>>> print(open('input26.txt').read())   # compact mmCIF, N, CA and C atoms
# COMPACT_ATOMS: atom_id res chain seq x y z
N GLN A 579 77.96 117.84 86.55
CA GLN A 579 78.60 116.56 86.32
C GLN A 579 79.23 116.07 87.62
N VAL A 580 79.63 114.81 87.62
CA VAL A 580 80.23 114.22 88.81
C VAL A 580 81.59 114.87 89.07
N GLN A 581 81.78 115.29 90.32
CA GLN A 581 83.08 115.84 90.72
C GLN A 581 83.49 115.25 92.05
N LEU A 582 84.75 114.85 92.13
CA LEU A 582 85.38 114.40 93.37
C LEU A 582 86.65 115.21 93.53
N VAL A 583 86.74 115.98 94.61
CA VAL A 583 87.88 116.86 94.81
C VAL A 583 88.57 116.51 96.12
N GLU A 584 89.76 115.94 96.00
CA GLU A 584 90.53 115.53 97.17
C GLU A 584 91.39 116.67 97.68
N SER A 585 91.65 116.66 98.98
CA SER A 585 92.54 117.65 99.60
C SER A 585 93.13 117.06 100.87
N GLY A 586 94.14 117.74 101.42
CA GLY A 586 94.71 117.33 102.70
C GLY A 586 96.04 116.63 102.62
N GLY A 587 96.53 116.39 101.42
CA GLY A 587 97.82 115.73 101.29
C GLY A 587 98.96 116.66 101.68
N GLY A 588 100.17 116.10 101.70
CA GLY A 588 101.33 116.90 102.03
C GLY A 588 102.53 116.03 102.35
N LEU A 589 103.56 116.67 102.87
CA LEU A 589 104.79 116.00 103.28
C LEU A 589 104.74 115.77 104.79
N VAL A 590 104.98 114.54 105.20
CA VAL A 590 104.94 114.20 106.62
C VAL A 590 106.07 113.23 106.94
N GLN A 591 106.55 113.29 108.16
CA GLN A 591 107.62 112.38 108.57
C GLN A 591 107.05 111.00 108.88
N PRO A 592 107.87 109.97 108.79
CA PRO A 592 107.41 108.62 109.18
C PRO A 592 106.86 108.65 110.61
N GLY A 593 105.75 107.97 110.80
CA GLY A 593 105.07 107.97 112.09
C GLY A 593 104.05 109.07 112.25
N GLY A 594 104.01 109.99 111.31
CA GLY A 594 103.09 111.11 111.39
C GLY A 594 101.69 110.77 110.90
N SER A 595 100.85 111.80 110.90
CA SER A 595 99.44 111.63 110.53
C SER A 595 99.00 112.68 109.53
N LEU A 596 98.02 112.31 108.71
CA LEU A 596 97.35 113.24 107.81
C LEU A 596 95.89 112.85 107.73
N ARG A 597 95.04 113.83 107.44
CA ARG A 597 93.64 113.56 107.20
C ARG A 597 93.27 114.08 105.81
N LEU A 598 92.87 113.16 104.96
CA LEU A 598 92.44 113.52 103.61
C LEU A 598 90.92 113.73 103.59
N SER A 599 90.50 114.64 102.73
CA SER A 599 89.07 114.88 102.51
C SER A 599 88.76 114.77 101.03
N CYS A 600 87.53 114.43 100.73
CA CYS A 600 87.07 114.36 99.35
C CYS A 600 85.67 114.96 99.29
N ALA A 601 85.54 116.08 98.60
CA ALA A 601 84.25 116.74 98.43
C ALA A 601 83.59 116.21 97.16
N ALA A 602 82.38 115.68 97.32
CA ALA A 602 81.68 115.06 96.20
C ALA A 602 80.50 115.92 95.76
N SER A 603 80.23 115.92 94.46
CA SER A 603 79.08 116.63 93.91
C SER A 603 78.68 116.00 92.60
N GLY A 604 77.45 116.29 92.16
CA GLY A 604 76.98 115.81 90.87
C GLY A 604 76.34 114.43 90.89
N PHE A 605 76.23 113.83 92.07
CA PHE A 605 75.56 112.54 92.21
C PHE A 605 75.06 112.43 93.65
N THR A 606 74.22 111.42 93.90
CA THR A 606 73.66 111.27 95.24
C THR A 606 74.66 110.53 96.12
N PHE A 607 75.49 111.31 96.78
CA PHE A 607 76.61 110.78 97.56
C PHE A 607 76.15 109.72 98.55
N GLY A 608 75.08 110.00 99.27
CA GLY A 608 74.61 109.11 100.33
C GLY A 608 74.08 107.78 99.84
N ASN A 609 73.93 107.60 98.54
CA ASN A 609 73.44 106.34 97.97
C ASN A 609 74.58 105.44 97.48
N ASN A 610 75.81 105.89 97.65
CA ASN A 610 76.95 105.19 97.07
C ASN A 610 77.94 104.69 98.11
N TRP A 611 78.39 103.44 97.94
CA TRP A 611 79.63 103.05 98.58
C TRP A 611 80.71 104.00 98.04
N MET A 612 81.69 104.30 98.90
CA MET A 612 82.81 105.13 98.45
C MET A 612 84.13 104.47 98.83
N ASN A 613 85.17 104.84 98.13
CA ASN A 613 86.46 104.18 98.27
C ASN A 613 87.62 105.19 98.24
N TRP A 614 88.71 104.78 98.83
CA TRP A 614 89.99 105.45 98.63
C TRP A 614 90.90 104.47 97.90
N VAL A 615 91.61 104.99 96.91
CA VAL A 615 92.62 104.22 96.20
C VAL A 615 93.87 105.08 96.14
N ARG A 616 95.00 104.47 95.80
CA ARG A 616 96.25 105.23 95.70
C ARG A 616 97.11 104.69 94.57
N GLN A 617 98.01 105.53 94.12
CA GLN A 617 98.96 105.13 93.09
C GLN A 617 100.35 105.58 93.50
N ALA A 618 101.20 104.62 93.83
CA ALA A 618 102.58 104.91 94.18
C ALA A 618 103.38 105.13 92.90
N PRO A 619 104.53 105.81 93.00
CA PRO A 619 105.34 106.07 91.80
C PRO A 619 105.67 104.79 91.05
N GLY A 620 105.38 104.77 89.77
CA GLY A 620 105.72 103.63 88.93
C GLY A 620 104.82 102.41 89.09
N GLN A 621 103.75 102.56 89.85
CA GLN A 621 102.86 101.42 90.10
C GLN A 621 101.44 101.74 89.64
N GLY A 622 100.60 100.72 89.61
CA GLY A 622 99.21 100.90 89.24
C GLY A 622 98.37 101.37 90.41
N ILE A 623 97.08 101.54 90.13
CA ILE A 623 96.13 101.94 91.15
C ILE A 623 95.92 100.79 92.13
N ALA A 624 95.94 101.09 93.43
CA ALA A 624 95.72 100.08 94.46
C ALA A 624 94.57 100.52 95.37
N TRP A 625 93.63 99.62 95.59
CA TRP A 625 92.53 99.91 96.50
C TRP A 625 93.03 99.96 97.94
N ILE A 626 92.49 100.90 98.74
CA ILE A 626 92.91 101.03 100.13
C ILE A 626 91.77 100.73 101.09
N ALA A 627 90.62 101.36 100.87
CA ALA A 627 89.54 101.24 101.84
C ALA A 627 88.21 101.55 101.19
N SER A 628 87.14 100.97 101.76
CA SER A 628 85.78 101.21 101.30
C SER A 628 84.88 101.46 102.49
N ILE A 629 83.78 102.17 102.23
CA ILE A 629 82.79 102.44 103.26
C ILE A 629 81.41 102.39 102.63
N ASN A 630 80.45 101.84 103.36
CA ASN A 630 79.11 101.71 102.79
C ASN A 630 78.33 103.02 102.91
N HIS A 631 77.11 103.00 102.40
CA HIS A 631 76.29 104.20 102.29
C HIS A 631 76.14 104.92 103.62
N HIS A 632 75.90 104.12 104.67
CA HIS A 632 75.58 104.72 105.97
C HIS A 632 76.82 104.97 106.83
N GLY A 633 77.95 104.42 106.41
CA GLY A 633 79.18 104.62 107.16
C GLY A 633 79.41 103.62 108.27
N ASN A 634 78.59 102.57 108.34
CA ASN A 634 78.74 101.61 109.43
C ASN A 634 79.43 100.32 109.02
N ILE A 635 79.79 100.21 107.76
CA ILE A 635 80.54 99.05 107.28
C ILE A 635 81.77 99.56 106.53
N THR A 636 82.94 99.09 106.95
CA THR A 636 84.19 99.49 106.31
C THR A 636 85.04 98.27 105.99
N ASP A 637 85.95 98.45 105.08
CA ASP A 637 86.85 97.38 104.67
C ASP A 637 88.18 98.02 104.32
N TYR A 638 89.28 97.32 104.64
CA TYR A 638 90.60 97.91 104.45
C TYR A 638 91.57 96.93 103.81
N ARG A 639 92.49 97.49 103.05
CA ARG A 639 93.64 96.73 102.59
C ARG A 639 94.43 96.29 103.83
N PRO A 640 94.94 95.06 103.88
CA PRO A 640 95.63 94.60 105.09
C PRO A 640 96.78 95.50 105.53
N SER A 641 97.51 96.08 104.58
CA SER A 641 98.69 96.87 104.96
C SER A 641 98.34 98.19 105.64
N VAL A 642 97.08 98.62 105.55
CA VAL A 642 96.70 99.88 106.19
C VAL A 642 95.74 99.66 107.35
N LYS A 643 95.24 98.45 107.50
CA LYS A 643 94.27 98.18 108.57
C LYS A 643 94.89 98.46 109.93
N GLY A 644 94.15 99.19 110.78
CA GLY A 644 94.67 99.56 112.09
C GLY A 644 95.41 100.88 112.10
N ARG A 645 95.78 101.38 110.91
CA ARG A 645 96.47 102.66 110.81
C ARG A 645 95.60 103.71 110.13
N PHE A 646 94.80 103.30 109.17
CA PHE A 646 93.94 104.22 108.41
C PHE A 646 92.49 104.01 108.82
N THR A 647 91.71 105.11 108.80
CA THR A 647 90.29 105.03 109.09
C THR A 647 89.51 105.81 108.03
N ILE A 648 88.61 105.12 107.35
CA ILE A 648 87.74 105.77 106.37
C ILE A 648 86.44 106.17 107.06
N SER A 649 85.92 107.33 106.72
CA SER A 649 84.66 107.78 107.29
C SER A 649 83.98 108.72 106.30
N ARG A 650 82.73 109.07 106.59
CA ARG A 650 81.99 109.94 105.68
C ARG A 650 81.01 110.79 106.45
N ASP A 651 80.66 111.93 105.86
CA ASP A 651 79.62 112.79 106.38
C ASP A 651 78.65 113.03 105.23
N ASN A 652 77.56 112.32 105.22
CA ASN A 652 76.62 112.42 104.10
C ASN A 652 75.93 113.78 104.04
N ALA A 653 75.80 114.44 105.18
CA ALA A 653 75.20 115.78 105.18
C ALA A 653 76.09 116.79 104.48
N LYS A 654 77.39 116.52 104.48
CA LYS A 654 78.36 117.42 103.84
C LYS A 654 78.87 116.88 102.52
N ASN A 655 78.36 115.72 102.11
CA ASN A 655 78.84 115.09 100.86
C ASN A 655 80.37 114.97 100.85
N THR A 656 80.92 114.52 101.96
CA THR A 656 82.37 114.47 102.10
C THR A 656 82.83 113.12 102.63
N LEU A 657 83.90 112.63 102.03
CA LEU A 657 84.56 111.40 102.43
C LEU A 657 85.90 111.76 103.07
N TYR A 658 86.30 110.98 104.06
CA TYR A 658 87.55 111.25 104.78
C TYR A 658 88.43 110.00 104.83
N LEU A 659 89.72 110.25 105.00
CA LEU A 659 90.67 109.17 105.30
C LEU A 659 91.66 109.70 106.33
N GLN A 660 91.53 109.20 107.55
CA GLN A 660 92.49 109.53 108.61
C GLN A 660 93.64 108.53 108.52
N MET A 661 94.84 109.03 108.36
CA MET A 661 96.01 108.17 108.19
C MET A 661 96.98 108.42 109.34
N ASN A 662 97.22 107.40 110.14
CA ASN A 662 98.15 107.49 111.26
C ASN A 662 99.32 106.55 111.04
N SER A 663 100.37 106.73 111.82
CA SER A 663 101.56 105.87 111.74
C SER A 663 102.03 105.70 110.30
N LEU A 664 102.13 106.80 109.60
CA LEU A 664 102.49 106.74 108.18
C LEU A 664 103.90 106.21 107.98
N ARG A 665 104.06 105.48 106.88
CA ARG A 665 105.33 104.86 106.52
C ARG A 665 105.79 105.37 105.16
N PRO A 666 107.07 105.32 104.87
CA PRO A 666 107.54 105.76 103.54
C PRO A 666 106.81 105.05 102.40
N GLU A 667 106.46 103.78 102.60
CA GLU A 667 105.76 103.04 101.54
C GLU A 667 104.32 103.49 101.33
N ASP A 668 103.83 104.39 102.18
CA ASP A 668 102.50 104.98 101.96
C ASP A 668 102.56 106.16 100.99
N THR A 669 103.76 106.56 100.59
CA THR A 669 103.91 107.66 99.64
C THR A 669 103.20 107.31 98.33
N ALA A 670 102.27 108.18 97.92
CA ALA A 670 101.47 107.92 96.72
C ALA A 670 100.56 109.10 96.45
N LEU A 671 99.94 109.04 95.28
CA LEU A 671 98.84 109.95 94.96
C LEU A 671 97.56 109.27 95.41
N TYR A 672 96.81 109.93 96.27
CA TYR A 672 95.61 109.35 96.86
C TYR A 672 94.37 109.93 96.20
N TYR A 673 93.45 109.02 95.86
CA TYR A 673 92.21 109.41 95.19
C TYR A 673 91.00 108.87 95.94
N CYS A 674 89.92 109.62 95.94
CA CYS A 674 88.65 109.01 96.31
C CYS A 674 87.98 108.56 95.02
N SER A 675 87.20 107.51 95.14
CA SER A 675 86.63 106.90 93.94
C SER A 675 85.27 106.30 94.25
N ARG A 676 84.41 106.29 93.25
CA ARG A 676 83.10 105.65 93.41
C ARG A 676 83.19 104.15 93.22
N ASP A 677 84.33 103.65 92.77
CA ASP A 677 84.51 102.21 92.61
C ASP A 677 85.85 101.80 93.21
N ARG A 678 86.04 100.51 93.40
CA ARG A 678 87.25 100.02 94.04
C ARG A 678 88.46 100.03 93.11
N PHE A 679 88.23 100.19 91.84
CA PHE A 679 89.31 100.11 90.86
C PHE A 679 89.90 101.47 90.50
N GLY A 680 89.26 102.52 90.98
CA GLY A 680 89.74 103.86 90.66
C GLY A 680 89.32 104.38 89.31
N ASP A 681 88.38 103.69 88.65
CA ASP A 681 87.92 104.14 87.34
C ASP A 681 87.09 105.41 87.44
N MET A 682 86.49 105.65 88.59
CA MET A 682 85.65 106.84 88.79
C MET A 682 86.24 107.64 89.95
N ARG A 683 87.43 108.18 89.73
CA ARG A 683 88.17 108.87 90.78
C ARG A 683 88.34 110.35 90.49
N GLY A 684 88.77 111.08 91.53
CA GLY A 684 89.04 112.50 91.38
C GLY A 684 90.43 112.74 90.83
N GLN A 685 90.95 113.95 91.09
CA GLN A 685 92.26 114.32 90.52
C GLN A 685 93.40 113.94 91.44
N GLY A 686 93.10 113.62 92.70
CA GLY A 686 94.10 113.12 93.62
C GLY A 686 94.77 114.18 94.47
N THR A 687 95.35 113.72 95.57
CA THR A 687 96.15 114.58 96.44
C THR A 687 97.41 113.80 96.82
N GLN A 688 98.56 114.47 96.75
CA GLN A 688 99.85 113.79 96.95
C GLN A 688 100.17 113.68 98.44
N VAL A 689 100.55 112.48 98.83
CA VAL A 689 101.04 112.22 100.18
C VAL A 689 102.47 111.72 100.06
N THR A 690 103.38 112.40 100.74
CA THR A 690 104.79 112.01 100.74
C THR A 690 105.24 111.80 102.18
N VAL A 691 105.73 110.61 102.46
CA VAL A 691 106.20 110.26 103.81
C VAL A 691 107.71 110.12 103.74
N SER A 692 108.40 111.05 104.35
CA SER A 692 109.86 111.06 104.25
C SER A 692 110.44 111.87 105.40
N SER A 693 111.61 111.45 105.84
CA SER A 693 112.31 112.20 106.87
C SER A 693 113.28 113.20 106.23
>>> encode(input="input26.txt", output="structure tokens")
Amino acid sequence: QVQLVESGGGLVQPGGSLRLSCAASGFTFGNNWMNWVRQAPGQGIAWIASINHHGNITDYRPSVKGRFTISRDNAKNTLYLQMNSLRPEDTALYYCSRDRFGDMRGQGTQVTVSS
């Protein structure tokens, strides 16, 4: 069955960096656009970034553009999110998803930005 397993979250100070990974299985990863979404405490799912099949087209939420980078390795069936210059408002549960709405997402990895 389809599985998306996120990892790499943690506690980081403001201005710090984290790299999230998402291991995909159960579907043809290289044939799918992939996305990162997040859910902050008490809020709904918010789309963050998307990447096309080949990894040469990306799109970002304005608040993360220039700080976050989405990438993929189709040979490893893995999606990545490099997050730099993290802010307290980036604190959330981060998911990789096959859609922009988070309806087809994994179990998530927690990112907490705090001093």
>>> closest_residue(input="input26.txt", among="A:Thr656, A:Thr690, A:Asn609, A:Thr647", to="Cys674 (chain A)", atoms="only C-alpha atoms")
A:Thr656
>>> closest_residue(input="input26.txt", among="A:Gln579, A:Ser585, A:Gln591, A:Ser599", to="Leu659 (chain A)", atoms="all atoms listed in the file")
A:Ser599
>>> residues_around(input="input26.txt", residues="Gly684 (chain A)", least_positions_apart="3", cutoff="6.5 Å", atoms="all atoms listed in the file", output="PyMOL selection string")
chain A and resi 581-584+673-675
>>> residues_around(input="input26.txt", residues="region 649-654 of chain A", least_positions_apart="4", cutoff="9 Å", atoms="only C-alpha atoms", output="PyMOL selection string")
chain A and resi 601-602+607-608+612+628-629+631-634+636+658-660
>>> select_by_dssp(input="input26.txt", residues="chain A", states="strand (DSSP E)", output="PyMOL selection string")
chain A and resi 581-585+588-590+596-603+612-617+623-629+636-638+646-651+656-661+670-675+687-691
>>> select_by_dssp(input="input26.txt", residues="chain A", states="helix (DSSP H, G or I)", output="list in words")
Phe607, Gly608, Asn609, Pro666, Glu667 and Asp668 of chain A
>>> residues_around(input="input26.txt", residues="Asp668 (chain A)", least_positions_apart="4", cutoff="12 Å", atoms="only C-alpha atoms", output="ChimeraX atom specification")
/A:587-596,615-619,624,626,641-642,645-646,661-664,672,688-692
>>> atom_distance(input="input26.txt", atom1="CA of Leu671 (chain A)", atom2="CA of Leu598 (chain A)")
11.3 Å
>>> atom_distance(input="input26.txt", atom1="atom N of Cys600 (chain A)", atom2="atom C of Gly644 (chain A)")
19.4 Å
>>> closest_residue(input="input26.txt", among="A:Trp625, A:Asn610, A:Val580, A:Arg597", to="Arg678 (chain A)", atoms="all atoms listed in the file")
A:Trp625
>>> axis_aligned_box(input="input26.txt", around="region 586-601 of chain A", padding_each_side="6 Å", output="JSON")
{"center_x": 95.7, "center_y": 112.9, "center_z": 104.7, "size_x": 36.3, "size_y": 21.8, "size_z": 27.1}
>>> closest_residue(input="input26.txt", among="A:Gly586, A:Arg639, A:Trp614, A:Phe605", to="Phe679 (chain A)", atoms="only N, CA and C atoms")
A:Trp614
>>> build_atoms(input="input26.txt", residues="region 592-611 of chain A", atoms="N, CA, C and O atoms", output="mmCIF file, in the frame of the given file")
data_model
loop_
_atom_site.group_PDB
_atom_site.id
_atom_site.type_symbol
_atom_site.label_atom_id
_atom_site.label_comp_id
_atom_site.auth_asym_id
_atom_site.auth_seq_id
_atom_site.Cartn_x
_atom_site.Cartn_y
_atom_site.Cartn_z
ATOM 1 N N PRO A 592 107.870 109.970 108.790
ATOM 2 C CA PRO A 592 107.410 108.620 109.180
ATOM 3 C C PRO A 592 106.860 108.650 110.610
ATOM 4 O O PRO A 592 107.448 109.289 111.494
ATOM 5 N N GLY A 593 105.750 107.970 110.800
ATOM 6 C CA GLY A 593 105.070 107.970 112.090
ATOM 7 C C GLY A 593 104.050 109.070 112.250
ATOM 8 O O GLY A 593 103.284 109.061 113.232
ATOM 9 N N GLY A 594 104.010 109.990 111.310
ATOM 10 C CA GLY A 594 103.090 111.110 111.390
ATOM 11 C C GLY A 594 101.690 110.770 110.900
ATOM 12 O O GLY A 594 101.404 109.622 110.543
ATOM 13 N N SER A 595 100.850 111.800 110.900
ATOM 14 C CA SER A 595 99.440 111.630 110.530
ATOM 15 C C SER A 595 99.000 112.680 109.530
ATOM 16 O O SER A 595 99.561 113.789 109.494
ATOM 17 N N LEU A 596 98.020 112.310 108.710
ATOM 18 C CA LEU A 596 97.350 113.240 107.810
ATOM 19 C C LEU A 596 95.890 112.850 107.730
ATOM 20 O O LEU A 596 95.544 111.671 107.898
ATOM 21 N N ARG A 597 95.040 113.830 107.440
ATOM 22 C CA ARG A 597 93.640 113.560 107.200
ATOM 23 C C ARG A 597 93.270 114.080 105.810
ATOM 24 O O ARG A 597 93.366 115.270 105.548
ATOM 25 N N LEU A 598 92.870 113.160 104.960
ATOM 26 C CA LEU A 598 92.440 113.520 103.610
ATOM 27 C C LEU A 598 90.920 113.730 103.590
ATOM 28 O O LEU A 598 90.195 113.064 104.316
ATOM 29 N N SER A 599 90.500 114.640 102.730
ATOM 30 C CA SER A 599 89.070 114.880 102.510
ATOM 31 C C SER A 599 88.760 114.770 101.030
ATOM 32 O O SER A 599 89.634 114.999 100.189
ATOM 33 N N CYS A 600 87.530 114.430 100.730
ATOM 34 C CA CYS A 600 87.070 114.360 99.350
ATOM 35 C C CYS A 600 85.670 114.960 99.290
ATOM 36 O O CYS A 600 84.733 114.407 99.874
ATOM 37 N N ALA A 601 85.540 116.080 98.600
ATOM 38 C CA ALA A 601 84.250 116.740 98.430
ATOM 39 C C ALA A 601 83.590 116.210 97.160
ATOM 40 O O ALA A 601 84.184 116.293 96.080
ATOM 41 N N ALA A 602 82.380 115.680 97.320
ATOM 42 C CA ALA A 602 81.680 115.060 96.200
ATOM 43 C C ALA A 602 80.500 115.920 95.760
ATOM 44 O O ALA A 602 79.831 116.555 96.585
ATOM 45 N N SER A 603 80.230 115.920 94.460
ATOM 46 C CA SER A 603 79.080 116.630 93.910
ATOM 47 C C SER A 603 78.680 116.000 92.600
ATOM 48 O O SER A 603 79.455 115.253 91.996
ATOM 49 N N GLY A 604 77.450 116.290 92.160
ATOM 50 C CA GLY A 604 76.980 115.810 90.870
ATOM 51 C C GLY A 604 76.340 114.430 90.890
ATOM 52 O O GLY A 604 75.969 113.909 89.846
ATOM 53 N N PHE A 605 76.230 113.830 92.070
ATOM 54 C CA PHE A 605 75.560 112.540 92.210
ATOM 55 C C PHE A 605 75.060 112.430 93.650
ATOM 56 O O PHE A 605 75.431 113.242 94.506
ATOM 57 N N THR A 606 74.220 111.420 93.900
ATOM 58 C CA THR A 606 73.660 111.270 95.240
ATOM 59 C C THR A 606 74.660 110.530 96.120
ATOM 60 O O THR A 606 74.697 109.294 96.174
ATOM 61 N N PHE A 607 75.490 111.310 96.780
ATOM 62 C CA PHE A 607 76.610 110.780 97.560
ATOM 63 C C PHE A 607 76.150 109.720 98.550
ATOM 64 O O PHE A 607 76.760 108.652 98.668
ATOM 65 N N GLY A 608 75.080 110.000 99.270
ATOM 66 C CA GLY A 608 74.610 109.110 100.330
ATOM 67 C C GLY A 608 74.080 107.780 99.840
ATOM 68 O O GLY A 608 73.846 106.884 100.658
ATOM 69 N N ASN A 609 73.930 107.600 98.540
ATOM 70 C CA ASN A 609 73.440 106.340 97.970
ATOM 71 C C ASN A 609 74.580 105.440 97.480
ATOM 72 O O ASN A 609 74.309 104.366 96.926
ATOM 73 N N ASN A 610 75.810 105.890 97.650
ATOM 74 C CA ASN A 610 76.950 105.190 97.070
ATOM 75 C C ASN A 610 77.940 104.690 98.110
ATOM 76 O O ASN A 610 78.286 105.432 99.035
ATOM 77 N N TRP A 611 78.390 103.440 97.940
ATOM 78 C CA TRP A 611 79.630 103.050 98.580
ATOM 79 C C TRP A 611 80.710 104.000 98.040
ATOM 80 O O TRP A 611 80.670 104.400 96.882
#
